[in-house]
Structure formats: structure tokens, C-alpha cells
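The structure file data.cif is reproduced below (mmCIF, C-alpha atoms).
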data_start
loop_
_atom_site.group_PDB
_atom_site.id
_atom_site.type_symbol
_atom_site.label_atom_id
_atom_site.label_comp_id
_atom_site.auth_asym_id
_atom_site.auth_seq_id
_atom_site.Cartn_x
_atom_site.Cartn_y
_atom_site.Cartn_z
ATOM 1 C CA MET A 183 -29.668 96.843 8.050
ATOM 2 C CA PHE A 184 -27.023 99.207 6.817
ATOM 3 C CA ARG A 185 -23.494 98.691 7.829
ATOM 4 C CA ILE A 186 -20.923 101.393 8.233
ATOM 5 C CA LEU A 187 -19.431 100.640 4.809
ATOM 6 C CA ASP A 188 -22.823 101.265 3.197
ATOM 7 C CA TYR A 189 -23.024 104.630 4.917
ATOM 8 C CA LEU A 190 -19.549 105.523 3.680
ATOM 9 C CA LYS A 191 -20.455 104.548 0.114
ATOM 10 C CA LEU A 192 -23.676 106.554 0.369
ATOM 11 C CA GLY A 193 -21.780 109.583 1.724
ATOM 12 C CA ALA A 194 -19.119 109.271 -0.987
ATOM 13 C CA GLY A 195 -21.861 109.118 -3.630
ATOM 14 C CA VAL A 196 -23.459 112.279 -2.259
ATOM 15 C CA VAL A 197 -20.088 114.057 -2.179
ATOM 16 C CA VAL A 198 -19.289 112.964 -5.763
ATOM 17 C CA GLY A 199 -22.763 114.058 -6.890
ATOM 18 C CA LEU A 200 -22.338 117.471 -5.258
ATOM 19 C CA MET A 201 -18.902 117.862 -6.867
ATOM 20 C CA LEU A 202 -20.313 116.955 -10.308
ATOM 21 C CA TYR A 203 -23.154 119.448 -9.838
ATOM 22 C CA HIS A 204 -20.654 122.103 -8.759
ATOM 23 C CA LEU A 205 -18.461 121.448 -11.830
ATOM 24 C CA TYR A 206 -21.539 121.601 -14.084
ATOM 25 C CA ALA A 207 -22.798 124.814 -12.459
ATOM 26 C CA VAL A 208 -19.369 126.461 -12.707
ATOM 27 C CA SER A 209 -18.997 125.495 -16.362
ATOM 28 C CA ILE A 210 -22.407 126.946 -17.429
ATOM 29 C CA GLY A 211 -22.816 129.458 -14.633
ATOM 30 C CA TYR A 212 -24.969 129.196 -11.580
ATOM 31 C CA PRO A 213 -28.677 129.513 -12.445
ATOM 32 C CA SER A 214 -29.301 131.935 -9.591
ATOM 33 C CA ALA A 215 -26.389 134.104 -10.731
ATOM 34 C CA ALA A 216 -27.745 134.039 -14.283
ATOM 35 C CA ARG A 217 -31.186 135.096 -13.027
ATOM 36 C CA GLU A 218 -29.664 137.960 -11.061
ATOM 37 C CA ALA A 219 -27.585 139.019 -14.060
ATOM 38 C CA ARG A 220 -30.657 138.939 -16.318
ATOM 39 C CA ALA A 221 -32.640 140.962 -13.786
ATOM 40 C CA GLY A 222 -29.835 143.550 -13.666
ATOM 41 C CA TYR A 223 -29.645 143.591 -17.465
ATOM 42 C CA VAL A 224 -33.403 144.122 -17.751
ATOM 43 C CA LEU A 225 -33.232 147.063 -15.349
ATOM 44 C CA LEU A 226 -30.275 148.525 -17.224
ATOM 45 C CA ALA A 227 -32.012 148.049 -20.581
ATOM 46 C CA GLU A 228 -35.201 149.700 -19.285
ATOM 47 C CA LYS A 229 -33.194 152.597 -17.872
ATOM 48 C CA THR A 230 -31.301 153.038 -21.148
ATOM 49 C CA ALA A 231 -34.544 152.930 -23.150
ATOM 50 C CA ALA A 232 -36.150 155.499 -20.831
ATOM 51 C CA HIS A 233 -33.154 157.829 -21.256
ATOM 52 C CA ALA A 234 -33.311 157.404 -25.040
ATOM 53 C CA ARG A 235 -37.050 158.189 -25.076
ATOM 54 C CA ALA A 236 -36.500 161.274 -22.917
ATOM 55 C CA ALA A 237 -33.658 162.474 -25.161
ATOM 56 C CA GLU A 238 -35.785 161.959 -28.286
ATOM 57 C CA MET A 239 -38.719 163.832 -26.739
ATOM 58 C CA GLU A 240 -36.419 166.718 -25.819
ATOM 59 C CA ARG A 241 -34.946 166.741 -29.341
ATOM 60 C CA GLN A 242 -38.444 166.844 -30.849
ATOM 61 C CA ARG A 243 -39.489 169.618 -28.445
ATOM 62 C CA ASN A 244 -36.436 171.678 -29.394
ATOM 63 C CA ALA A 245 -37.061 171.088 -33.110
ATOM 64 C CA ALA A 246 -40.694 172.152 -32.716
ATOM 65 C CA GLY A 247 -39.590 175.285 -30.846
ATOM 66 C CA GLN A 248 -37.163 176.158 -33.632
ATOM 67 C CA ALA A 249 -39.837 175.574 -36.271
ATOM 68 C CA ILE A 250 -42.283 177.810 -34.400
ATOM 69 C CA GLU A 251 -39.634 180.528 -34.055
ATOM 70 C CA GLU A 252 -38.794 180.367 -37.778
ATOM 71 C CA HIS A 253 -42.486 180.512 -38.664
ATOM 72 C CA ARG A 254 -42.942 183.533 -36.395
ATOM 73 C CA LYS A 255 -39.995 185.277 -38.082
ATOM 74 C CA ARG A 256 -41.431 184.574 -41.545
ATOM 75 C CA LEU A 257 -44.834 185.819 -40.406
ATOM 76 C CA ASP A 258 -43.290 189.018 -39.031
ATOM 77 C CA ALA A 259 -41.371 189.543 -42.287
ATOM 78 C CA ALA A 260 -44.531 189.000 -44.359
ATOM 79 C CA GLU A 261 -46.464 191.416 -42.153
ATOM 80 C CA PHE A 262 -43.685 193.992 -42.507
ATOM 81 C CA GLU A 263 -43.754 193.587 -46.298
ATOM 82 C CA ASN A 264 -47.548 194.035 -46.322
ATOM 83 C CA VAL A 265 -47.314 197.230 -44.275
ATOM 84 C CA LYS A 266 -44.455 198.475 -46.447
ATOM 85 C CA SER A 267 -46.376 197.786 -49.673
ATOM 86 C CA GLU A 268 -49.499 199.467 -48.238
ATOM 87 C CA ILE A 269 -47.466 202.564 -47.353
ATOM 88 C CA THR A 270 -45.896 202.564 -50.814
ATOM 89 C CA ARG A 271 -49.304 202.165 -52.469
ATOM 90 C CA GLU A 272 -50.765 205.013 -50.401
ATOM 91 C CA ALA A 273 -47.800 207.247 -51.321
ATOM 92 C CA GLU A 274 -48.243 206.407 -55.014
ATOM 93 C CA ILE A 275 -51.947 207.220 -54.825
ATOM 94 C CA ARG A 276 -51.247 210.551 -53.102
ATOM 95 C CA GLY A 277 -48.537 211.331 -55.660
ATOM 96 C CA TYR A 278 -50.870 210.548 -58.539
ATOM 97 C CA GLU A 279 -53.667 212.633 -57.008
ATOM 98 C CA LEU A 280 -51.222 215.522 -56.565
ATOM 99 C CA LEU A 281 -50.126 215.208 -60.201
ATOM 100 C CA LEU A 282 -53.748 215.258 -61.348
ATOM 101 C CA SER A 283 -54.590 218.261 -59.158
ATOM 102 C CA GLU A 284 -51.640 220.197 -60.627
ATOM 103 C CA LYS A 285 -53.166 219.638 -64.072
ATOM 104 C CA ASN A 286 -56.639 220.614 -62.778
ATOM 105 C CA ARG A 287 -57.887 217.074 -63.279
ATOM 106 C CA LYS A 288 -59.588 214.709 -60.930
ATOM 107 C CA CYS A 289 -59.358 210.943 -60.392
ATOM 108 C CA MET A 290 -62.732 209.440 -61.099
ATOM 109 C CA ALA A 291 -61.922 206.031 -59.581
ATOM 110 C CA ASP A 292 -64.005 205.203 -56.568
ATOM 111 C CA GLY A 293 -63.330 202.683 -53.771
ATOM 112 C CA ALA A 294 -64.628 199.736 -55.813
ATOM 113 C CA ASP A 295 -62.207 200.566 -58.634
ATOM 114 C CA VAL A 296 -59.309 200.754 -56.189
ATOM 115 C CA ASP A 297 -60.315 197.420 -54.621
ATOM 116 C CA PHE A 298 -60.515 195.838 -58.078
ATOM 117 C CA PHE A 299 -57.075 197.157 -58.965
ATOM 118 C CA ASN A 300 -55.548 196.010 -55.647
ATOM 119 C CA ARG A 301 -57.086 192.545 -55.986
ATOM 120 C CA HIS A 302 -55.594 192.108 -59.460
ATOM 121 C CA GLN A 303 -52.227 193.495 -58.339
ATOM 122 C CA ARG A 304 -52.090 190.854 -55.592
ATOM 123 C CA LEU A 305 -52.976 188.124 -58.099
ATOM 124 C CA LEU A 306 -50.165 189.243 -60.390
ATOM 125 C CA HIS A 307 -47.597 189.233 -57.589
ATOM 126 C CA HIS A 308 -48.497 185.790 -56.213
#
Before we go any further, please render this structure as C-alpha cells.
Amino acid sequence: MFRILDYLKLGAGVVVGLMLYHLYAVSIGYPSAAREARAGYVLLAEKTAAHARAAEMERQRNAAGQAIEEHRKRLDAAEFENVKSEITREAEIRGYELLLSEKNRKCMADGADVDFFNRHQRLLHH
């Protein structure tokens, strides 16, 4: 059977093997530590990506809000211009009718003539 010297050699071999493994693991990094580091990196990367997505969504929401506000302002300005031009047109019509009545004349244009004129005025201005 085994003698005491064999047990010592076997023990020394185990100790040398453990020391070699330890030197190897220290030089390349312990696999369990690398796994833990990768797991932490994955969580950090996912968190960073989630923050970036949230920031981009907020930026897009703000840009859409600004675009809607600008569109509303342009729409209000266009509506104001339409009302203003309608008031001006009505005043011009009343002024022309007054001028004709002072000369004892009458405007023979009916509603269809006025619509025709307005339609062509809009085409000329656009």
C-alpha cells in the first residue's frame, strides 16, 4: 500500500496544482468574478439603454408638442387673415353700393356673380 512518503508527494502535488490554478486564475481573472462583472455590465447597459430610450421619447414628445403649437398659431393667423379679408371685402362692397346709390345707379350683380368673383379672387391670390 501507500507509504507516508507517497502521501506527502500526493499532497505536494495537490498543493502545487492548486497554486498553479491560483496563478492562472489571477493572471486571467477568476471566472466567477468575470461572470459577476459581465452580469453587472449587462444590467448597467440595459439601464443606460432604457434611460436613452426614455430621453428620446421625451424629446420626440416635446418636438411634437412644439410642432402642434406652431401649427395652431399658423392656423389662428390664417383664420384671422380670412376674417380680416372678409371684413375688408364687405366694406368695399358697401362702399361701392353707396357710391352707386349716390349716382342713382344700382348694382345688378347677384349672389352668383359675387361668388364667381370671390372664387377667382382666391385663385389669383393663391
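Here atom CA of A:Arg304 stands at a distance of 10.8 Å from atom CA of A:Asn264.
Straight-line separation from atom CA of A:Glu279 to atom CA of A:Ala294: 17.0 Å.
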Inset, instruction - Work out how far apart atom CA of A:Arg271 and atom CA of A:Ala291 are and give it in Å to one decimal. - result: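 One can read the atom CA of A:Arg271 to atom CA of A:Ala291 distance as 15.0 Å.
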Would you write out, as CSV, a table of all residues in stretch 186-233 of chain A that have an atom no more than 12 Å from an atom of stretch 237-257 of chain A, listing for each the closest atom pair and the distance in Å to one decimal, considering all atoms listed in the file and ordering rows by chain and rising residue number?
residue,atom,partner,partner_atom,distance
A:Thr230,CA,A:Ala237,CA,10.5
A:Ala231,CA,A:Ala237,CA,9.8
A:Ala232,CA,A:Ala237,CA,8.6
A:His233,CA,A:Ala237,CA,6.1
Inset, instruction - Select, from A:Glu268, A:Ala273, A:Arg287, A:Leu280, the residue with the minimum atom-to-atom distance to A:Asn300, counting all atoms listed in the file. - result: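 Nearest to A:Asn300: A:Glu268.
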Inset, instruction - Would you list the residues near (-47.6, 195.9, -54.0), meaning any protein, DNA or RNA residue with an atom at most 12 Å from that point in file coordinates, counting all atoms listed in the file, as a list in words? - result: Glu263, Asn264, Val265, Lys266, Ser267, Glu268, Ile269, Thr270, Arg271, Glu272, Ala273, Glu274, Phe299, Asn300, Arg301, His302, Gln303, Arg304, Leu305, Leu306, His307 and His308 of chain A
Could you add whatever atoms are missing so that stretch 247-263 of chain A carries N, CA and C atoms, then write the result as a PDB file, in the coordinates of the input?
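Wrote it out as rebuild-v5.pdb, contents follow:
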ATOM      1  N   GLY A 247     -39.813 173.899 -31.264  1.00  0.00           N
ATOM      2  CA  GLY A 247     -39.590 175.285 -30.846  1.00  0.00           C
ATOM      3  C   GLY A 247     -38.875 176.086 -31.920  1.00  0.00           C
ATOM      4  N   GLN A 248     -37.873 175.472 -32.545  1.00  0.00           N
ATOM      5  CA  GLN A 248     -37.163 176.158 -33.632  1.00  0.00           C
ATOM      6  C   GLN A 248     -38.084 176.401 -34.817  1.00  0.00           C
ATOM      7  N   ALA A 249     -38.908 175.415 -35.148  1.00  0.00           N
ATOM      8  CA  ALA A 249     -39.837 175.574 -36.271  1.00  0.00           C
ATOM      9  C   ALA A 249     -40.841 176.690 -35.988  1.00  0.00           C
ATOM     10  N   ILE A 250     -41.336 176.751 -34.769  1.00  0.00           N
ATOM     11  CA  ILE A 250     -42.283 177.810 -34.400  1.00  0.00           C
ATOM     12  C   ILE A 250     -41.607 179.174 -34.487  1.00  0.00           C
ATOM     13  N   GLU A 251     -40.369 179.259 -34.002  1.00  0.00           N
ATOM     14  CA  GLU A 251     -39.634 180.528 -34.055  1.00  0.00           C
ATOM     15  C   GLU A 251     -39.390 180.966 -35.499  1.00  0.00           C
ATOM     16  N   GLU A 252     -39.007 180.038 -36.366  1.00  0.00           N
ATOM     17  CA  GLU A 252     -38.794 180.367 -37.778  1.00  0.00           C
ATOM     18  C   GLU A 252     -40.102 180.813 -38.438  1.00  0.00           C
ATOM     19  N   HIS A 253     -41.183 180.133 -38.109  1.00  0.00           N
ATOM     20  CA  HIS A 253     -42.486 180.512 -38.664  1.00  0.00           C
ATOM     21  C   HIS A 253     -42.877 181.914 -38.198  1.00  0.00           C
ATOM     22  N   ARG A 254     -42.629 182.211 -36.919  1.00  0.00           N
ATOM     23  CA  ARG A 254     -42.942 183.533 -36.395  1.00  0.00           C
ATOM     24  C   ARG A 254     -42.123 184.603 -37.114  1.00  0.00           C
ATOM     25  N   LYS A 255     -40.841 184.320 -37.366  1.00  0.00           N
ATOM     26  CA  LYS A 255     -39.995 185.277 -38.082  1.00  0.00           C
ATOM     27  C   LYS A 255     -40.510 185.506 -39.500  1.00  0.00           C
ATOM     28  N   ARG A 256     -40.888 184.423 -40.189  1.00  0.00           N
ATOM     29  CA  ARG A 256     -41.431 184.574 -41.545  1.00  0.00           C
ATOM     30  C   ARG A 256     -42.735 185.355 -41.530  1.00  0.00           C
ATOM     31  N   LEU A 257     -43.567 185.101 -40.536  1.00  0.00           N
ATOM     32  CA  LEU A 257     -44.834 185.819 -40.406  1.00  0.00           C
ATOM     33  C   LEU A 257     -44.591 187.307 -40.157  1.00  0.00           C
ATOM     34  N   ASP A 258     -43.628 187.617 -39.283  1.00  0.00           N
ATOM     35  CA  ASP A 258     -43.290 189.018 -39.031  1.00  0.00           C
ATOM     36  C   ASP A 258     -42.760 189.684 -40.291  1.00  0.00           C
ATOM     37  N   ALA A 259     -41.921 188.980 -41.051  1.00  0.00           N
ATOM     38  CA  ALA A 259     -41.371 189.543 -42.287  1.00  0.00           C
ATOM     39  C   ALA A 259     -42.477 189.776 -43.311  1.00  0.00           C
ATOM     40  N   ALA A 260     -43.417 188.841 -43.419  1.00  0.00           N
ATOM     41  CA  ALA A 260     -44.531 189.000 -44.359  1.00  0.00           C
ATOM     42  C   ALA A 260     -45.413 190.173 -43.940  1.00  0.00           C
ATOM     43  N   GLU A 261     -45.657 190.306 -42.647  1.00  0.00           N
ATOM     44  CA  GLU A 261     -46.464 191.416 -42.153  1.00  0.00           C
ATOM     45  C   GLU A 261     -45.765 192.747 -42.423  1.00  0.00           C
ATOM     46  N   PHE A 262     -44.455 192.782 -42.222  1.00  0.00           N
ATOM     47  CA  PHE A 262     -43.685 193.992 -42.507  1.00  0.00           C
ATOM     48  C   PHE A 262     -43.775 194.349 -43.984  1.00  0.00           C
ATOM     49  N   GLU A 263     -43.660 193.339 -44.851  1.00  0.00           N
ATOM     50  CA  GLU A 263     -43.754 193.587 -46.298  1.00  0.00           C
ATOM     51  C   GLU A 263     -45.137 194.103 -46.677  1.00  0.00           C
TER      52      GLU A 263
END
